[in-house]
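Peer 1: My structure file start19.cif, mmCIF, C-alpha atoms, is below:
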data_target
loop_
_atom_site.group_PDB
_atom_site.id
_atom_site.type_symbol
_atom_site.label_atom_id
_atom_site.label_comp_id
_atom_site.auth_asym_id
_atom_site.auth_seq_id
_atom_site.Cartn_x
_atom_site.Cartn_y
_atom_site.Cartn_z
ATOM 1 C CA MET L 15 -117.584 -140.747 135.607
ATOM 2 C CA ASN L 16 -119.959 -141.688 132.805
ATOM 3 C CA PRO L 17 -122.602 -144.314 133.611
ATOM 4 C CA PRO L 18 -121.317 -147.773 132.738
ATOM 5 C CA ARG L 19 -122.362 -149.744 129.687
ATOM 6 C CA PHE L 20 -121.759 -153.509 129.622
ATOM 7 C CA GLU L 21 -122.427 -156.318 127.260
ATOM 8 C CA SER L 22 -122.767 -159.943 128.180
ATOM 9 C CA GLU L 23 -123.505 -162.834 125.865
ATOM 10 C CA ARG L 24 -127.207 -161.973 125.541
ATOM 11 C CA LEU L 25 -127.634 -158.588 127.241
ATOM 12 C CA ILE L 26 -126.703 -154.930 127.184
ATOM 13 C CA ILE L 27 -126.745 -153.045 130.493
ATOM 14 C CA GLN L 28 -126.811 -149.275 130.081
ATOM 15 C CA PRO L 29 -128.711 -146.111 131.070
ATOM 16 C CA MET L 30 -132.335 -146.104 129.951
ATOM 17 C CA ASN L 31 -133.770 -143.881 127.213
ATOM 18 C CA ILE L 32 -137.057 -141.978 127.226
ATOM 19 C CA THR L 33 -138.296 -144.398 124.558
ATOM 20 C CA ASP L 34 -138.109 -147.164 127.198
ATOM 21 C CA ALA L 35 -140.890 -145.625 129.313
ATOM 22 C CA HIS L 36 -143.596 -147.870 127.855
ATOM 23 C CA ASN L 37 -141.751 -151.119 128.667
ATOM 24 C CA LEU L 38 -140.598 -149.824 132.064
ATOM 25 C CA TYR L 39 -144.155 -148.927 133.037
ATOM 26 C CA ALA L 40 -145.549 -152.200 131.641
ATOM 27 C CA TYR L 41 -143.413 -154.520 133.769
ATOM 28 C CA ARG L 42 -143.080 -152.242 136.818
ATOM 29 C CA SER L 43 -146.896 -152.084 137.083
ATOM 30 C CA HIS L 44 -147.372 -155.851 136.646
ATOM 31 C CA PRO L 45 -148.861 -157.446 139.817
ATOM 32 C CA ASP L 46 -146.096 -160.085 139.962
ATOM 33 C CA VAL L 47 -143.507 -157.289 140.121
ATOM 34 C CA VAL L 48 -145.376 -154.741 142.263
ATOM 35 C CA ARG L 49 -145.735 -157.140 145.191
ATOM 36 C CA PHE L 50 -141.942 -157.137 145.687
ATOM 37 C CA GLN L 51 -141.111 -153.532 144.736
ATOM 38 C CA SER L 52 -141.330 -150.210 146.475
ATOM 39 C CA MET L 53 -140.837 -148.313 143.201
ATOM 40 C CA MET L 54 -143.901 -148.340 140.979
ATOM 41 C CA PHE L 55 -145.497 -145.970 138.509
ATOM 42 C CA LYS L 56 -149.131 -144.895 138.215
ATOM 43 C CA ASN L 57 -148.806 -144.338 134.477
ATOM 44 C CA GLU L 58 -146.374 -144.230 131.580
ATOM 45 C CA SER L 59 -145.815 -140.513 132.120
ATOM 46 C CA GLU L 60 -144.376 -141.205 135.593
ATOM 47 C CA ALA L 61 -142.050 -143.811 134.098
ATOM 48 C CA ARG L 62 -140.913 -141.280 131.501
ATOM 49 C CA GLN L 63 -140.292 -138.685 134.227
ATOM 50 C CA PHE L 64 -138.326 -141.251 136.251
ATOM 51 C CA ILE L 65 -136.053 -141.953 133.267
ATOM 52 C CA GLN L 66 -135.565 -138.219 132.656
ATOM 53 C CA ASN L 67 -134.658 -137.688 136.301
ATOM 54 C CA HIS L 68 -131.949 -140.359 136.070
ATOM 55 C CA GLN L 69 -130.250 -139.049 132.948
ATOM 56 C CA GLY L 70 -127.078 -137.001 132.971
ATOM 57 C CA PHE L 71 -125.830 -138.032 136.435
ATOM 58 C CA ASP L 72 -122.158 -138.504 137.067
ATOM 59 C CA PHE L 73 -121.935 -142.169 138.009
ATOM 60 C CA GLY L 74 -120.313 -142.828 141.381
ATOM 61 C CA ILE L 75 -121.537 -139.965 143.549
ATOM 62 C CA PRO L 76 -121.990 -141.268 147.125
ATOM 63 C CA GLU L 77 -125.560 -141.629 148.427
ATOM 64 C CA THR L 78 -126.992 -141.583 144.914
ATOM 65 C CA TRP L 79 -129.204 -144.178 143.227
ATOM 66 C CA TYR L 80 -128.644 -144.944 139.541
ATOM 67 C CA GLN L 81 -130.947 -146.949 137.337
ATOM 68 C CA LEU L 82 -129.595 -148.969 134.428
ATOM 69 C CA GLY L 83 -131.677 -150.742 131.816
ATOM 70 C CA ILE L 84 -131.256 -154.421 130.991
ATOM 71 C CA TYR L 85 -131.761 -154.998 127.263
ATOM 72 C CA LEU L 86 -131.916 -158.086 125.066
ATOM 73 C CA LYS L 87 -128.995 -157.756 122.715
ATOM 74 C CA PRO L 88 -130.404 -158.412 119.260
ATOM 75 C CA GLU L 89 -133.655 -156.465 119.706
ATOM 76 C CA GLN L 90 -132.324 -153.867 122.195
ATOM 77 C CA GLU L 91 -135.650 -154.336 123.990
ATOM 78 C CA LEU L 92 -135.803 -153.217 127.629
ATOM 79 C CA ILE L 93 -136.597 -156.344 129.680
ATOM 80 C CA GLY L 94 -135.539 -155.173 133.123
ATOM 81 C CA ASP L 95 -133.586 -152.704 135.174
ATOM 82 C CA MET L 96 -130.935 -152.608 137.841
ATOM 83 C CA GLY L 97 -130.797 -150.106 140.687
ATOM 84 C CA VAL L 98 -127.347 -149.177 141.931
ATOM 85 C CA HIS L 99 -126.885 -147.252 145.175
ATOM 86 C CA ILE L 100 -123.354 -146.009 145.830
ATOM 87 C CA LEU L 101 -123.252 -145.866 149.638
ATOM 88 C CA ASN L 102 -119.887 -144.191 150.123
ATOM 89 C CA GLU L 103 -116.886 -142.769 148.315
ATOM 90 C CA ASN L 104 -114.776 -144.851 145.981
ATOM 91 C CA PHE L 105 -117.487 -147.508 145.527
ATOM 92 C CA GLU L 106 -116.418 -149.155 148.810
ATOM 93 C CA THR L 107 -119.983 -150.328 149.536
ATOM 94 C CA VAL L 108 -122.715 -150.591 146.907
ATOM 95 C CA GLU L 109 -126.330 -151.734 147.168
ATOM 96 C CA ILE L 110 -127.947 -153.294 144.119
ATOM 97 C CA GLY L 111 -131.461 -154.237 143.136
ATOM 98 C CA TYR L 112 -132.849 -155.769 139.965
ATOM 99 C CA THR L 113 -136.133 -156.364 138.206
ATOM 100 C CA ILE L 114 -136.863 -158.508 135.162
ATOM 101 C CA ALA L 115 -140.160 -158.290 133.279
ATOM 102 C CA PRO L 116 -142.343 -161.333 134.059
ATOM 103 C CA ALA L 117 -142.349 -162.417 130.390
ATOM 104 C CA HIS L 118 -138.546 -162.705 130.542
ATOM 105 C CA GLN L 119 -138.098 -164.246 133.972
ATOM 106 C CA ARG L 120 -136.618 -167.743 134.463
ATOM 107 C CA ASN L 121 -134.269 -167.351 131.497
ATOM 108 C CA GLY L 122 -131.137 -166.514 133.478
ATOM 109 C CA TYR L 123 -131.184 -162.831 132.523
ATOM 110 C CA ALA L 124 -131.052 -161.539 136.120
ATOM 111 C CA PHE L 125 -128.083 -163.796 136.881
ATOM 112 C CA GLU L 126 -126.294 -162.721 133.709
ATOM 113 C CA ALA L 127 -126.882 -158.988 134.335
ATOM 114 C CA VAL L 128 -126.008 -159.006 138.045
ATOM 115 C CA HIS L 129 -122.981 -161.260 137.477
ATOM 116 C CA LYS L 130 -121.652 -158.839 134.856
ATOM 117 C CA PHE L 131 -122.250 -155.853 137.134
ATOM 118 C CA LEU L 132 -120.536 -157.557 140.088
ATOM 119 C CA ASP L 133 -117.523 -158.172 137.890
ATOM 120 C CA PHE L 134 -117.404 -154.432 137.128
ATOM 121 C CA LEU L 135 -117.723 -153.502 140.806
ATOM 122 C CA PHE L 136 -115.110 -155.917 142.155
ATOM 123 C CA THR L 137 -112.633 -155.753 139.266
ATOM 124 C CA ASP L 138 -112.855 -152.196 137.939
ATOM 125 C CA GLN L 139 -114.099 -150.227 140.962
ATOM 126 C CA TYR L 140 -112.441 -152.254 143.744
ATOM 127 C CA THR L 141 -115.710 -152.414 145.682
ATOM 128 C CA ASN L 142 -115.370 -154.157 149.045
ATOM 129 C CA THR L 143 -119.014 -155.053 149.740
ATOM 130 C CA VAL L 144 -122.174 -155.376 147.662
ATOM 131 C CA ILE L 145 -125.537 -155.459 149.448
ATOM 132 C CA GLY L 146 -128.749 -156.987 148.119
ATOM 133 C CA ILE L 147 -132.041 -156.491 149.959
ATOM 134 C CA THR L 148 -135.033 -158.594 149.007
ATOM 135 C CA ASP L 149 -138.489 -159.460 150.263
ATOM 136 C CA SER L 150 -138.527 -162.678 152.286
ATOM 137 C CA HIS L 151 -141.281 -164.006 149.991
ATOM 138 C CA ASN L 152 -139.304 -163.368 146.807
ATOM 139 C CA HIS L 153 -137.858 -166.873 146.561
ATOM 140 C CA ALA L 154 -136.471 -166.371 143.044
ATOM 141 C CA SER L 155 -134.437 -163.379 144.202
ATOM 142 C CA ILE L 156 -133.183 -165.252 147.276
ATOM 143 C CA ARG L 157 -132.078 -168.159 145.049
ATOM 144 C CA LEU L 158 -130.341 -165.752 142.679
ATOM 145 C CA LEU L 159 -128.397 -164.092 145.494
ATOM 146 C CA ALA L 160 -127.388 -167.513 146.854
ATOM 147 C CA ARG L 161 -126.248 -168.646 143.392
ATOM 148 C CA LEU L 162 -124.098 -165.499 143.197
ATOM 149 C CA LYS L 163 -122.564 -166.443 146.606
ATOM 150 C CA PHE L 164 -124.223 -163.671 148.639
ATOM 151 C CA GLN L 165 -124.546 -164.487 152.337
ATOM 152 C CA ARG L 166 -127.522 -163.609 154.497
ATOM 153 C CA THR L 167 -126.468 -160.888 156.928
ATOM 154 C CA GLN L 168 -127.974 -159.457 160.069
ATOM 155 C CA PRO L 169 -129.044 -155.892 159.227
ATOM 156 C CA GLU L 170 -127.639 -154.651 162.536
ATOM 157 C CA SER L 171 -124.139 -155.371 161.224
ATOM 158 C CA LEU L 172 -124.612 -152.754 158.494
ATOM 159 C CA LEU L 173 -125.054 -149.044 158.980
ATOM 160 C CA PHE L 174 -128.180 -148.052 157.072
ATOM 161 C CA ASP L 175 -129.655 -144.556 156.963
ATOM 162 C CA PHE L 176 -133.102 -146.110 156.600
ATOM 163 C CA GLU L 177 -135.225 -148.708 158.292
ATOM 164 C CA LEU L 178 -135.804 -152.066 156.655
ATOM 165 C CA LEU L 179 -139.338 -153.225 156.067
ATOM 166 C CA GLN L 180 -140.474 -156.129 158.231
ATOM 167 C CA ASP L 181 -140.245 -158.742 155.458
ATOM 168 C CA GLU L 182 -136.920 -157.639 153.981
ATOM 169 C CA LEU L 183 -133.799 -159.794 154.090
ATOM 170 C CA VAL L 184 -130.266 -158.461 153.707
ATOM 171 C CA PHE L 185 -127.536 -160.286 151.794
ATOM 172 C CA THR L 186 -123.919 -159.267 151.273
ATOM 173 C CA LEU L 187 -121.076 -160.280 149.038
ATOM 174 C CA SER L 188 -117.572 -159.083 149.768
ATOM 175 C CA ARG L 189 -114.635 -159.034 147.442
ATOM 176 C CA THR L 190 -112.852 -161.588 149.674
ATOM 177 C CA MET L 191 -115.725 -164.111 149.533
ATOM 178 C CA GLN L 192 -116.610 -163.518 145.891
ATOM 179 C CA ILE L 193 -116.382 -166.676 143.827
ATOM 180 C CA PHE L 194 -117.850 -166.264 140.372
ATOM 181 C CA VAL L 195 -119.370 -169.258 138.693
#
Could you take the file, read its structure, and then write that structure out as structure tokens?
Peer 2:
Amino acid sequence: MNPPRFESERLIIQPMNITDAHNLYAYRSHPDVVRFQSMMFKNESEARQFIQNHQGFDFGIPETWYQLGIYLKPEQELIGDMGVHILNENFETVEIGYTIAPAHQRNGYAFEAVHKFLDFLFTDQYTNTVIGITDSHNHASIRLLARLKFQRTQPESLLFDFELLQDELVFTLSRTMQIFV
């Protein structure tokens, strides 16, 4: 399956291009982003290599992470990215993550991008459960997940192949409890 490409009112969500390395490095190395992220780059070259490594994947392979860019529509400027981790076959369970450049935060872009992606997962892929993991100090992310109707979940109820960090919170949204605003 080809990686998805979506358009919302103001955004395009699609695979990133090598030409996006500068913007990706700029916001992923910003102190306000780094404090909540485990993925960071030492330089623009690492960001370029990261984009190259994520090109050409078949979308939907279990246990694989995909990275999609979030672009402002008129300028096609990369303003964020969304990580998508397909946890098992047939998109039954998917983990998502998202980052918006500090200069573009508090404009509703994360909500718009994640909302559009959830619609794809629940409507087109028949996903049962979407998982969001965030730092307990990332209040904006916690508010976003709550606005999207995610529920805080005890990590023990999910079968992870990794250990959560001490300050991480787990949220889930299932197709049966999904209520889009």
Peer 1: With the PyMOL selection byres ((chain L and resi 23) around 12) as the selection, what would be picked from this file? Answer as an NGL selection string, please.
Peer 2: :L and (20-22 or 24-27 or 85-88 or 122-123 or 125-127 or 129-130)
Peer 1: Find, counting only C-alpha atoms, the residue in L:Val144, L:Leu101, L:Met96, L:Ile32 that gets nearest to L:Gln63.
Peer 2: L:Ile32
Peer 1: Enter the distance from atom CA of L:Val184 to atom CA of L:Leu159, in Å, rounded to one decimal.
Peer 2: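 According to the coordinates, atom CA of L:Val184 and atom CA of L:Leu159 are separated by 10.1 Å.
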Peer 1: Mind checking which residues fall within 12 Å of L:Leu158, counting all atoms listed in the file, ignoring those fewer than 6 positions away in the same chain, and posting them as an NGL selection string?
Peer 2: :L and (111-113 or 119-129 or 146-148 or 152 or 164-165 or 185)
Peer 1: Hey, can you check how far atom CA of L:Glu58 sits from atom CA of L:Arg19?
Peer 2: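 Distance reported for this atom pair: 24.7 Å.
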Peer 1: Which polymer residues, whether protein, DNA or RNA, lie within 7 Å of the coordinate (-117.6, -150.2, 148.2) when you count all atoms listed in the file? List them as an NGL selection string, using the chain letters and numbers from the file.
Peer 2: :L and (102 or 104-108 or 141-144)
